[in-house]
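So the structure is just underneath, and the comments pick up after that.
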Amino acid sequence: MKRMAACVLVLVGAVVTLHCATVNAGEPKAKQPSPAEMIAALASKNRPPKYVDHEVLEGHKVPIFPADYDWKEYERVRVALYAIDRKMTPELWEELLKHIGDKRYSITLALTGPGLPDEDAGRDFTVGAFCEAIAYDCVGKLYARHSVSAENDTKPWERIAPTAGIRNLVEWRKQRAAKPLWQLQVEACTLALGNLARLDKATPEQKATIRKGIESEIDRLNATKKPTLLRSYICADGGVIHIDGWHEGSYNANFAGELRRRYGKSDASTQD
């Protein structure tokens, strides 16, 4: 009797498992967003904040977020930015180039750096600004990541980084329209090698180290004939968005309320 009961249980379990597998197999897979849709997600539904003069940092402004600023929307944009960075493809890279110059508001970031009194100075960033930075990193990080320490006691964070000297990435790409991304990366790395002599602060030993690192990137690209898709500098630091000395800092609903209390009586203007 016990053997029969055990057999029934096994049979029932098998039927349930088969049923679940059949149901799951019939479920449609979630549609992956297109490159254009991924970039469209960087545009915020929030209105950009107004700005007032910073009380300490001359020339800097403080964002006065409206009371109805949607911080869930801020987080949605942040997640969308990380999605682009994590799911880079050659097709997405080409789409990024199309949106360099896109003026739609994305998010506001805070000024950060050694010796700064607060994280309240802010700046708005557009969809185009992020597209440009990520697109450049997709080509340039392969050689830039072989930077060396400047050995500066007063600025221990300073690095000596090679550069390819690409001033206009969109035009540079147009002039090489037939080349796939991996070949563009090879060319950019080769340009960086040609500019090593201009790194005046680097010692001969440091230049040799940089050269060896960049040459290894070129060898890998030529061997695989596939692009090396690294995470951009914007999203690579422990989950914090940062670009050109600005990062997401302490901006949230509570801090925004504090800024309104501290600066709310000043005349606010829209940031250019």
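Labels for the structure tokens follow display order: chains A, B, ..., residues from 1 in each chain, ligands from 1.
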Note to self: Taking the DSSP secondary structure from the backbone, can you list the residues of segment 94-188 of chain A that are strand (DSSP E or B), as a list in words?
What the structure shows: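 Strand (DSSP E or B) assignments inside segment 94-188 of chain A correspond to Tyr105, Ser106, Ile107, Thr108, Leu109, Ala110, Leu111, Gly122, Arg123, Asp124, Phe125, Thr126, Val148, Ser149, Arg159 and Ile160 of chain A.
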How would the residues just picked look written out with N, CA and C atoms as a PDB file, in the first residue's frame?
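Final output, out.pdb:
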ATOM      1  N   TYR A 105      15.988  66.962 -21.049  1.00  0.00           N
ATOM      2  CA  TYR A 105      16.470  66.865 -19.670  1.00  0.00           C
ATOM      3  C   TYR A 105      16.474  65.414 -19.213  1.00  0.00           C
ATOM      4  N   SER A 106      17.554  65.032 -18.537  1.00  0.00           N
ATOM      5  CA  SER A 106      17.664  63.676 -18.007  1.00  0.00           C
ATOM      6  C   SER A 106      17.622  63.713 -16.476  1.00  0.00           C
ATOM      7  N   ILE A 107      18.738  64.031 -15.828  1.00  0.00           N
ATOM      8  CA  ILE A 107      18.755  64.156 -14.373  1.00  0.00           C
ATOM      9  C   ILE A 107      19.720  65.265 -13.965  1.00  0.00           C
ATOM     10  N   THR A 108      19.651  65.639 -12.710  1.00  0.00           N
ATOM     11  CA  THR A 108      20.529  66.653 -12.130  1.00  0.00           C
ATOM     12  C   THR A 108      21.555  65.962 -11.244  1.00  0.00           C
ATOM     13  N   LEU A 109      22.819  66.340 -11.406  1.00  0.00           N
ATOM     14  CA  LEU A 109      23.893  65.749 -10.619  1.00  0.00           C
ATOM     15  C   LEU A 109      24.561  66.811  -9.754  1.00  0.00           C
ATOM     16  N   ALA A 110      25.253  66.348  -8.708  1.00  0.00           N
ATOM     17  CA  ALA A 110      25.894  67.244  -7.747  1.00  0.00           C
ATOM     18  C   ALA A 110      27.384  67.352  -8.016  1.00  0.00           C
ATOM     19  N   LEU A 111      27.946  68.514  -7.680  1.00  0.00           N
ATOM     20  CA  LEU A 111      29.387  68.716  -7.789  1.00  0.00           C
ATOM     21  C   LEU A 111      30.074  67.999  -6.639  1.00  0.00           C
ATOM     22  N   GLY A 122      24.772  72.032  -8.098  1.00  0.00           N
ATOM     23  CA  GLY A 122      24.276  71.048  -9.052  1.00  0.00           C
ATOM     24  C   GLY A 122      24.326  71.512 -10.490  1.00  0.00           C
ATOM     25  N   ARG A 123      24.050  70.575 -11.375  1.00  0.00           N
ATOM     26  CA  ARG A 123      24.031  70.856 -12.805  1.00  0.00           C
ATOM     27  C   ARG A 123      23.100  69.858 -13.478  1.00  0.00           C
ATOM     28  N   ASP A 124      22.319  70.345 -14.424  1.00  0.00           N
ATOM     29  CA  ASP A 124      21.438  69.466 -15.194  1.00  0.00           C
ATOM     30  C   ASP A 124      22.227  68.780 -16.302  1.00  0.00           C
ATOM     31  N   PHE A 125      21.891  67.531 -16.547  1.00  0.00           N
ATOM     32  CA  PHE A 125      22.498  66.794 -17.651  1.00  0.00           C
ATOM     33  C   PHE A 125      21.409  66.344 -18.614  1.00  0.00           C
ATOM     34  N   THR A 126      21.734  66.419 -19.885  1.00  0.00           N
ATOM     35  CA  THR A 126      20.778  66.069 -20.930  1.00  0.00           C
ATOM     36  C   THR A 126      20.994  64.637 -21.407  1.00  0.00           C
ATOM     37  N   VAL A 148      48.462  55.737 -15.876  1.00  0.00           N
ATOM     38  CA  VAL A 148      49.394  55.480 -14.774  1.00  0.00           C
ATOM     39  C   VAL A 148      49.316  56.636 -13.785  1.00  0.00           C
ATOM     40  N   SER A 149      49.799  56.408 -12.591  1.00  0.00           N
ATOM     41  CA  SER A 149      49.772  57.441 -11.559  1.00  0.00           C
ATOM     42  C   SER A 149      50.704  58.591 -11.927  1.00  0.00           C
ATOM     43  N   ARG A 159      45.947  61.102 -12.622  1.00  0.00           N
ATOM     44  CA  ARG A 159      46.436  60.036 -13.480  1.00  0.00           C
ATOM     45  C   ARG A 159      46.959  60.616 -14.792  1.00  0.00           C
ATOM     46  N   ILE A 160      47.887  59.910 -15.402  1.00  0.00           N
ATOM     47  CA  ILE A 160      48.367  60.258 -16.740  1.00  0.00           C
ATOM     48  C   ILE A 160      47.715  59.283 -17.706  1.00  0.00           C
TER      49      ILE A 160
END
Next item on the list: Show which residues sit within 9 Å of Arg47 of chain A, as a list in words. Count only C-alpha atoms, and ignore same-chain residues fewer than 6 positions away.
Entry: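 Contacts, in chain order: Phe65, Pro66, Tyr69 and Tyr105 of chain A.
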Next item on the list: One decimal, Å: what's the distance from atom CA of Arg145 of chain A over to atom CA of Ala43 of chain A, could you say?
Entry: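 Between these atoms lies a distance of 29.3 Å.
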Note to self: My list of candidates is A:Leu230, A:Leu57, A:Leu142, A:Met88. Which is closest to Glu215 of chain A when distances are computed with only C-alpha atoms?
What the structure shows: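 Closest candidate: A:Leu142.
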Checklist line | All residues 12 Å or closer to Ala223 of chain A, only C-alpha atoms, same chain fewer than 6 positions away omitted, as a PyMOL selection string | finding: chain A and resi 182-183+186+216-217
For the selection just defined, write its residues with N, CA, C and O atoms to a file, as a PDB file, in the first residue's frame.
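Below you can see again_5.pdb, which holds the result:
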ATOM      1  N   TRP A 182      34.724  47.122 -33.802  1.00  0.00           N
ATOM      2  CA  TRP A 182      36.000  46.599 -33.313  1.00  0.00           C
ATOM      3  C   TRP A 182      37.176  47.202 -34.081  1.00  0.00           C
ATOM      4  O   TRP A 182      38.240  47.458 -33.497  1.00  0.00           O
ATOM      5  N   GLN A 183      36.991  47.468 -35.372  1.00  0.00           N
ATOM      6  CA  GLN A 183      38.061  48.092 -36.144  1.00  0.00           C
ATOM      7  C   GLN A 183      38.248  49.562 -35.744  1.00  0.00           C
ATOM      8  O   GLN A 183      39.373  50.077 -35.758  1.00  0.00           O
ATOM      9  N   VAL A 186      40.363  49.455 -32.723  1.00  0.00           N
ATOM     10  CA  VAL A 186      41.766  49.237 -33.088  1.00  0.00           C
ATOM     11  C   VAL A 186      42.400  50.550 -33.526  1.00  0.00           C
ATOM     12  O   VAL A 186      43.514  50.903 -33.098  1.00  0.00           O
ATOM     13  N   SER A 216      48.181  45.134 -26.092  1.00  0.00           N
ATOM     14  CA  SER A 216      47.436  43.914 -25.753  1.00  0.00           C
ATOM     15  C   SER A 216      45.965  44.048 -26.147  1.00  0.00           C
ATOM     16  O   SER A 216      45.331  43.065 -26.556  1.00  0.00           O
ATOM     17  N   GLU A 217      45.422  45.260 -26.039  1.00  0.00           N
ATOM     18  CA  GLU A 217      44.036  45.497 -26.466  1.00  0.00           C
ATOM     19  C   GLU A 217      43.913  45.295 -27.977  1.00  0.00           C
ATOM     20  O   GLU A 217      42.962  44.655 -28.462  1.00  0.00           O
TER      21      GLU A 217
END
Margin query: DSSP on the backbone, helix (DSSP H, G or I) only: what residues of segment 96-261 of chain A does that give? Format it as a PyMOL selection string.
Written below: chain A and resi 96-98+127-144+169-174+181-194+196-198+204-224+253-261
Item checked: Atom pair atom CA of Ser250 of chain A / atom CA of Arg78 of chain A: separation (Å) ->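 Computed distance, atom CA of Ser250 of chain A to atom CA of Arg78 of chain A, equals 13.8 Å.
The smallest atom-to-atom distance between Glu37 of chain A and any of A:Ile84, A:Pro227, A:Val79, A:Val56, using only C-alpha atoms, is found for A:Ile84.
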Notebook entry, point to check: Could you name the residues that touch segment 167-171 of chain A at 12 Å or less, counting only C-alpha atoms, but leaving out those on the same chain fewer than 5 positions away, as an MDAnalysis selection string?
Noted result: chainID A and resid 93:101 131:140 176:177 184 188
Next item on the list: Please indicate the distance in Å from atom CA of Gln206 of chain A to atom CA of Tyr143 of chain A, rounded to one decimal place.
Entry: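 About the pair atom CA of Gln206 of chain A and atom CA of Tyr143 of chain A: they are 13.9 Å apart.
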